[in-house]
>>> print(open('coords-v5.cif').read())   # mmCIF, C-alpha atoms
data_query
loop_
_atom_site.label_atom_id
_atom_site.label_comp_id
_atom_site.auth_asym_id
_atom_site.auth_seq_id
_atom_site.Cartn_x
_atom_site.Cartn_y
_atom_site.Cartn_z
CA MET A 296 25.61 -18.90 -0.10
CA GLU A 297 25.90 -17.31 3.32
CA VAL A 298 23.71 -14.29 4.06
CA VAL A 299 23.47 -12.19 7.19
CA PHE A 300 19.92 -11.20 8.09
CA LYS A 301 19.73 -8.11 10.28
CA VAL A 302 16.27 -8.14 11.85
CA ILE A 303 14.95 -5.06 13.63
CA ARG A 304 13.30 -6.51 16.73
CA GLN A 305 11.08 -4.63 19.12
CA GLN A 306 8.62 -5.20 21.91
CA GLU A 307 5.57 -2.96 22.28
CA ASN A 308 6.47 0.46 23.74
CA SER A 309 10.19 -0.33 23.76
CA SER A 310 13.20 0.72 21.70
CA PRO A 311 14.13 -1.40 18.68
CA VAL A 312 17.28 -3.53 18.65
CA VAL A 313 19.11 -5.19 15.77
CA GLN A 314 19.62 -8.94 15.92
CA THR A 315 21.72 -10.74 13.31
CA TYR A 316 21.29 -14.25 11.96
CA LEU A 317 23.73 -16.04 9.64
CA LEU A 318 21.97 -18.34 7.20
CA ASP A 319 23.22 -20.65 4.46
CA THR A 320 20.62 -20.22 1.74
CA GLU A 321 20.02 -20.24 -2.02
CA ALA A 322 19.50 -17.26 -4.32
CA GLY A 323 16.02 -18.46 -5.26
CA ASN A 324 14.77 -18.71 -1.71
CA THR A 325 12.26 -16.05 -0.73
CA ILE A 326 12.77 -13.77 2.24
CA LEU A 327 9.85 -15.55 3.89
CA ASP A 328 11.59 -18.90 3.38
CA CYS A 329 14.60 -17.50 5.21
CA LEU A 330 12.56 -16.04 8.05
CA ASN A 331 10.84 -19.40 8.47
CA ARG A 332 14.19 -21.15 8.72
CA ILE A 333 15.46 -18.60 11.23
CA LYS A 334 12.37 -19.17 13.36
CA TRP A 335 12.43 -22.95 13.04
CA GLU A 336 16.18 -23.51 13.33
CA GLN A 337 17.67 -20.58 15.25
CA ASP A 338 15.20 -18.43 17.17
CA GLY A 339 11.64 -19.53 17.87
CA THR A 340 10.82 -16.19 19.52
CA LEU A 341 11.00 -14.20 16.25
CA ALA A 342 7.53 -12.87 15.39
CA PHE A 343 6.20 -12.09 11.90
CA ARG A 344 2.97 -12.55 9.95
CA LYS A 345 2.50 -15.02 7.10
CA ASN A 346 -0.24 -17.04 5.49
CA CYS A 347 -0.57 -17.95 1.80
CA ARG A 348 3.13 -17.77 0.78
CA ASN A 349 1.94 -17.00 -2.76
CA THR A 350 1.50 -13.20 -3.06
CA ILE A 351 -2.24 -13.40 -2.47
CA CYS A 352 -3.08 -12.61 1.15
CA GLY A 353 -0.69 -9.70 1.82
CA SER A 354 0.03 -10.89 5.37
CA CYS A 355 3.84 -10.93 5.13
CA ALA A 356 4.40 -7.28 4.23
CA MET A 357 7.47 -5.80 5.93
CA ARG A 358 10.39 -3.53 5.11
CA ILE A 359 13.13 -5.33 3.24
CA ASN A 360 16.32 -3.30 2.84
CA GLY A 361 14.41 -0.10 3.52
CA ARG A 362 11.32 -0.56 1.36
CA SER A 363 7.97 -2.16 2.09
CA ALA A 364 7.42 -5.41 0.21
CA LEU A 365 5.99 -8.92 0.51
CA ALA A 366 8.44 -11.37 2.03
CA CYS A 367 6.91 -14.22 0.01
CA LYS A 368 7.56 -12.36 -3.25
CA GLU A 369 11.11 -11.03 -2.85
CA ASN A 370 13.99 -13.46 -2.99
CA VAL A 371 17.57 -13.49 -1.74
CA GLY A 372 19.15 -13.27 -5.18
CA SER A 373 17.24 -10.17 -6.24
CA GLU A 374 17.99 -8.43 -2.95
CA ILE A 375 21.71 -9.12 -3.26
CA ALA A 376 21.63 -7.91 -6.87
CA LYS A 377 20.09 -4.63 -5.73
CA LEU A 378 22.82 -4.23 -3.12
CA GLN A 379 25.48 -4.78 -5.77
CA GLN A 380 23.87 -2.27 -8.14
CA THR A 381 23.73 0.44 -5.49
CA GLY A 382 27.15 -0.31 -4.03
CA THR A 383 25.64 -0.79 -0.57
CA THR A 384 27.92 -2.39 2.01
CA GLY A 385 27.39 -6.12 1.99
CA GLY A 386 26.75 -6.31 -1.73
CA HIS A 387 30.40 -6.54 -2.82
CA ALA A 388 32.21 -9.67 -3.89
CA ASN A 389 33.94 -11.67 -1.13
CA VAL A 390 31.82 -9.96 1.52
CA ILE A 391 28.91 -11.73 3.16
CA PRO A 392 25.82 -9.83 1.98
CA GLU A 393 23.46 -8.36 4.54
CA ILE A 394 19.69 -8.13 4.20
CA THR A 395 17.90 -5.88 6.68
CA ILE A 396 14.35 -6.74 7.71
CA ALA A 397 12.19 -4.26 9.64
CA PRO A 398 8.51 -3.79 10.51
CA MET A 399 6.29 -1.61 8.32
CA GLY A 400 6.07 2.11 8.98
CA ASN A 401 3.18 4.38 10.02
CA MET A 402 1.87 1.69 12.36
CA PRO A 403 2.93 0.90 15.95
CA VAL A 404 4.93 -2.27 16.53
CA VAL A 405 3.30 -5.07 18.49
CA LYS A 406 6.30 -7.37 18.42
CA ASP A 407 9.28 -7.64 16.06
CA LEU A 408 7.87 -7.54 12.49
CA VAL A 409 4.21 -7.58 13.58
CA VAL A 410 2.51 -4.16 13.55
CA ASP A 411 -0.87 -2.97 14.79
CA MET A 412 -2.88 -2.31 11.62
CA SER A 413 -5.91 -0.78 13.35
CA SER A 414 -5.40 2.66 11.77
CA PHE A 415 -5.00 1.02 8.36
CA TRP A 416 -8.36 -0.75 8.63
CA ASN A 417 -10.12 2.17 10.32
CA ASN A 418 -9.09 4.54 7.53
CA LEU A 419 -10.28 2.05 4.94
CA GLU A 420 -13.67 2.01 6.64
CA ARG A 421 -13.81 5.83 6.50
CA VAL A 422 -14.18 5.78 2.70
CA ALA A 423 -17.05 3.24 2.78
CA PRO A 424 -15.32 0.78 0.41
CA TYR A 425 -18.41 -1.15 -0.60
CA VAL A 426 -21.22 -0.69 -3.09
CA SER A 427 -23.99 1.58 -1.77
CA THR A 428 -27.07 0.23 -0.01
CA ALA A 429 -29.26 0.77 -3.07
CA GLY A 430 -26.77 -1.11 -5.18
CA ARG A 431 -26.66 -4.01 -2.72
CA SER A 432 -30.44 -4.49 -2.54
CA VAL A 433 -31.53 -7.82 -3.99
CA PRO A 434 -32.50 -7.27 -7.64
CA GLU A 435 -34.77 -9.31 -9.87
CA ARG A 436 -31.78 -9.96 -12.08
CA ASP A 437 -28.02 -9.66 -11.77
CA PHE A 438 -26.31 -6.27 -11.85
CA LEU A 439 -24.76 -6.56 -15.29
CA GLN A 440 -21.76 -4.54 -16.39
CA THR A 441 -20.28 -4.10 -19.83
CA PRO A 442 -16.65 -5.17 -20.35
CA GLU A 443 -15.74 -1.48 -20.53
CA GLU A 444 -17.44 -0.73 -17.20
CA ARG A 445 -15.71 -3.68 -15.55
CA SER A 446 -12.31 -2.73 -16.99
CA ARG A 447 -12.42 0.54 -15.03
CA LEU A 448 -12.11 -1.52 -11.84
CA ASP A 449 -9.16 -3.68 -12.90
CA GLU A 450 -6.26 -1.88 -11.19
CA SER A 451 -7.99 -0.95 -7.94
CA GLY A 452 -9.61 -4.37 -7.76
CA ASN A 453 -6.18 -6.01 -7.56
CA CYS A 454 -5.43 -4.57 -4.10
CA ILE A 455 -4.72 -7.29 -1.51
CA MET A 456 -4.63 -4.89 1.49
CA CYS A 457 -1.01 -5.71 2.34
CA GLY A 458 -0.31 -2.22 3.73
CA ALA A 459 2.91 -1.59 1.78
CA CYS A 460 1.67 1.71 0.33
CA TYR A 461 0.36 2.86 3.72
CA SER A 462 3.70 2.00 5.30
CA GLU A 463 5.63 4.23 2.88
CA CYS A 464 3.14 7.12 2.68
CA ASN A 465 4.84 10.31 3.86
CA ALA A 466 1.53 12.20 3.74
CA ARG A 467 0.13 9.77 6.30
CA GLU A 468 3.28 10.15 8.39
CA VAL A 469 2.81 13.92 8.82
CA ASP A 470 -0.99 14.18 8.62
CA PRO A 471 -2.99 11.85 10.90
CA ASP A 472 -6.23 12.88 9.14
CA PHE A 473 -5.10 11.59 5.73
CA VAL A 474 -6.80 8.25 5.09
CA GLY A 475 -3.93 6.80 3.08
CA PRO A 476 -3.36 5.57 -0.48
CA HIS A 477 -4.89 2.15 0.11
CA ALA A 478 -8.21 3.69 1.16
CA LEU A 479 -8.30 6.12 -1.75
CA ALA A 480 -7.47 3.38 -4.25
CA LYS A 481 -10.50 1.48 -2.94
CA ALA A 482 -12.46 4.73 -2.95
CA TYR A 483 -11.88 5.12 -6.68
CA ARG A 484 -13.17 1.60 -7.22
CA MET A 485 -16.50 2.74 -5.76
CA VAL A 486 -16.50 5.98 -7.77
CA ALA A 487 -15.87 4.02 -10.96
CA ASP A 488 -18.32 1.21 -10.18
CA SER A 489 -21.42 1.56 -12.37
CA ARG A 490 -23.50 -0.27 -9.73
CA ASP A 491 -22.90 2.33 -7.02
CA SER A 492 -25.42 5.14 -6.58
CA GLN A 493 -23.53 7.39 -4.16
CA THR A 494 -20.93 8.96 -6.46
CA GLU A 495 -21.83 12.57 -5.67
CA SER A 496 -21.70 12.12 -1.89
CA ARG A 497 -18.50 10.13 -2.16
CA LEU A 498 -16.79 12.87 -4.15
CA GLU A 499 -17.92 15.43 -1.58
CA GLU A 500 -16.29 13.39 1.17
CA TYR A 501 -13.07 12.67 -0.73
CA ASN A 502 -12.80 16.39 -1.55
CA GLU A 503 -12.86 17.44 2.11
CA GLY A 504 -9.68 19.05 3.47
CA THR A 505 -6.51 16.96 3.55
CA LYS A 506 -8.12 13.76 4.78
CA GLY A 507 -9.08 12.90 1.21
CA VAL A 508 -7.34 13.17 -2.15
CA TRP A 509 -5.90 16.65 -1.59
CA GLY A 510 -3.79 15.38 1.28
CA CYS A 511 -1.69 13.30 -1.13
CA THR A 512 1.78 14.76 -1.72
CA ARG A 513 2.29 12.82 -4.98
CA CYS A 514 5.56 11.36 -3.73
CA PHE A 515 5.02 8.20 -5.83
CA TYR A 516 6.18 5.87 -3.03
CA CYS A 517 2.83 4.06 -3.00
CA ASN A 518 3.14 3.19 -6.68
CA SER A 519 6.76 2.12 -6.36
CA VAL A 520 6.17 -0.42 -3.58
CA CYS A 521 2.76 -1.84 -4.54
CA PRO A 522 3.29 -5.57 -5.28
CA MET A 523 0.08 -5.87 -7.32
CA GLY A 524 0.31 -2.94 -9.74
CA VAL A 525 -2.63 -1.12 -8.19
CA ALA A 526 -0.91 2.26 -8.69
CA PRO A 527 -2.69 4.05 -5.81
CA LEU A 528 -1.43 7.45 -6.95
CA GLU A 529 -3.12 6.96 -10.31
CA GLN A 530 -6.41 6.11 -8.61
CA ILE A 531 -6.12 9.23 -6.43
CA THR A 532 -5.50 11.31 -9.55
CA LYS A 533 -8.62 9.85 -11.17
CA ILE A 534 -10.71 10.85 -8.15
CA LYS A 535 -9.30 14.37 -8.37
CA GLN A 536 -10.32 14.54 -12.00
CA GLU A 537 -13.83 13.33 -11.15
CA ILE A 538 -14.07 16.08 -8.51
CA LEU A 539 -12.90 18.69 -11.00
CA ASP A 540 -15.47 17.51 -13.52
CA HIS A 541 -18.24 17.83 -10.94
CA LYS A 542 -17.21 21.12 -9.35
CA GLN A 543 -16.88 24.73 -10.40
CA ALA A 544 -13.53 26.52 -10.27
CA SER A 545 -14.76 28.77 -7.48
CA ASP A 546 -15.64 25.95 -5.10
CA SER A 547 -12.36 25.53 -3.23
CA ARG A 548 -8.73 26.60 -3.20
CA SER A 549 -7.59 23.06 -4.07
CA ILE A 550 -9.87 22.93 -7.08
CA ARG A 551 -8.95 26.43 -8.27
CA HIS A 552 -5.27 25.58 -8.00
CA ARG A 553 -5.72 22.32 -9.89
CA LYS A 554 -7.77 23.93 -12.66
CA VAL A 555 -5.19 26.70 -13.15
CA LEU A 556 -2.43 24.10 -13.54
CA ILE A 557 -4.49 22.16 -16.07
CA ASP A 558 -5.27 25.34 -18.01
CA LEU A 559 -1.62 26.38 -18.07
CA ARG A 560 -0.55 22.95 -19.26
CA SER A 561 -3.15 22.96 -22.05
CA GLU A 562 -1.83 26.30 -23.32
CA GLU A 563 1.72 24.95 -23.76
#
>>> encode(input="coords-v5.cif", output="structure tokens")
Amino acid sequence: MEVVFKVIRQQENSSPVVQTYLLDTEAGNTILDCLNRIKWEQDGTLAFRKNCRNTICGSCAMRINGRSALACKENVGSEIAKLQQTGTTGGHANVIPEITIAPMGNMPVVKDLVVDMSSFWNNLERVAPYVSTAGRSVPERDFLQTPEERSRLDESGNCIMCGACYSECNAREVDPDFVGPHALAKAYRMVADSRDSQTESRLEEYNEGTKGVWGCTRCFYCNSVCPMGVAPLEQITKIKQEILDHKQASDSRSIRHRKVLIDLRSEE
């Protein structure tokens, strides 16, 4: 089948332009397969990131038809099916379908589909996403965990740092202090980890202003685009509950507001 790929191309500090490529491809081919062919057969100047091609490394995250996703995971057939379901131009019979590819959001463009992820990594570092120093000291025996303790880390442990949730986060878009859903999902992993000894100080930090969990607008975009089922919003909610369990209702406006909502819901 013939498919038109509309790629949003951009040089650093310049305005984006749309460049179209016509490709004869198969429904089962991934978007990354198609980008590779465009680069190899039509335009060697097209820039994008890739590595494992198997939904493991997270390198090929980009916006595909308006949503952040992994190019190695999404395929041509599913994208065309979505166009047909929504009635979007290009998804009708007898019309060559169009698939739009753009760089991720909330990060400046370096070139074409390659973005500068410095803020993504810097915000991850802000939540100290590693077991505390005491927990990392060399023990006489292994740090053992029960199956129940380990199961608390399952969802957050699946994060591959692709940046899809960060790209779609509208809280991050309007608030430069908000660390982002990826960082808070990793933050919950530390809160839930039985080997970490800094839970209290972590909760204090994540409770501070809008840079932590209270900056989340609960838009659900992070959950909807995560390719690994991490459910960042759910991890943020768990941190909020941990904060509520450790704090008194009089401690902050955010906590008072949250407790009132919980109390009202329990009375229904």
>>> resolve_selection(input="coords-v5.cif", expression="the PyMOL selection byres ((chain A and resi 301) around 6)", output="JSON, numbers by chain")
{"A": [300, 302, 314, 315, 395]}
>>> resolve_selection(input="coords-v5.cif", expression="the PyMOL selection byres ((chain A and resi 393) around 12)", output="VMD selection string")
chain A and resid 296 to 302 315 to 318 359 to 360 371 to 372 374 to 379 383 to 387 390 to 392 394 to 396
>>> resolve_selection(input="coords-v5.cif", expression="the PyMOL selection byres ((chain A and resi 327-336) around 8)", output="mmCIF file with C-alpha atoms, in the frame of the given file")
data_model
loop_
_atom_site.group_PDB
_atom_site.id
_atom_site.type_symbol
_atom_site.label_atom_id
_atom_site.label_comp_id
_atom_site.auth_asym_id
_atom_site.auth_seq_id
_atom_site.Cartn_x
_atom_site.Cartn_y
_atom_site.Cartn_z
ATOM 1 C CA TYR A 316 21.290 -14.250 11.960
ATOM 2 C CA LEU A 318 21.970 -18.340 7.200
ATOM 3 C CA THR A 320 20.620 -20.220 1.740
ATOM 4 C CA ASN A 324 14.770 -18.710 -1.710
ATOM 5 C CA THR A 325 12.260 -16.050 -0.730
ATOM 6 C CA ILE A 326 12.770 -13.770 2.240
ATOM 7 C CA GLN A 337 17.670 -20.580 15.250
ATOM 8 C CA ASP A 338 15.200 -18.430 17.170
ATOM 9 C CA GLY A 339 11.640 -19.530 17.870
ATOM 10 C CA THR A 340 10.820 -16.190 19.520
ATOM 11 C CA LEU A 341 11.000 -14.200 16.250
ATOM 12 C CA ARG A 348 3.130 -17.770 0.780
ATOM 13 C CA CYS A 355 3.840 -10.930 5.130
ATOM 14 C CA ALA A 366 8.440 -11.370 2.030
ATOM 15 C CA CYS A 367 6.910 -14.220 0.010
#
>>> atom_distance(input="coords-v5.cif", atom1="CA of Asn346 in chain A", atom2="CA of Glu321 in chain A")
21.8 Å
>>> residues_around(input="coords-v5.cif", residues="Gln530 in chain A", least_positions_apart="5", cutoff="8 Å", atoms="only C-alpha atoms", output="list in words")
Ser451, Leu479, Ala480 and Tyr483 of chain A
>>> atom_distance(input="coords-v5.cif", atom1="CA of Arg421 in chain A", atom2="CA of Glu307 in chain A")
26.5 Å
>>> residues_near_point(input="coords-v5.cif", point="(-2.4, 12.5, 1.4)", cutoff="8 Å", atoms="all atoms listed in the file", output="list in words")
Cys464, Asn465, Ala466, Arg467, Asp470, Phe473, Val474, Gly475, Pro476, Thr505, Lys506, Gly507, Val508, Trp509, Gly510, Cys511, Thr512 and Arg513 of chain A
>>> closest_residue(input="coords-v5.cif", among="A:Pro311, A:Ile534, A:Glu503, A:Val525", to="Asp407 in chain A", atoms="only C-alpha atoms")
A:Pro311
>>> atom_distance(input="coords-v5.cif", atom1="CA of Arg344 in chain A", atom2="CA of Glu450 in chain A")
25.4 Å
>>> closest_residue(input="coords-v5.cif", among="A:Ala478, A:Cys460, A:Tyr425, A:Asn389", to="Ser492 in chain A", atoms="only C-alpha atoms")
A:Tyr425
>>> closest_residue(input="coords-v5.cif", among="A:Ile303, A:Met412, A:Ile531, A:Leu448", to="Ser489 in chain A", atoms="all atoms listed in the file")
A:Leu448
>>> residues_around(input="coords-v5.cif", residues="Gly400 in chain A", least_positions_apart="6", cutoff="8 Å", atoms="all atoms listed in the file", output="MDAnalysis selection string")
chainID A and resid 461:463
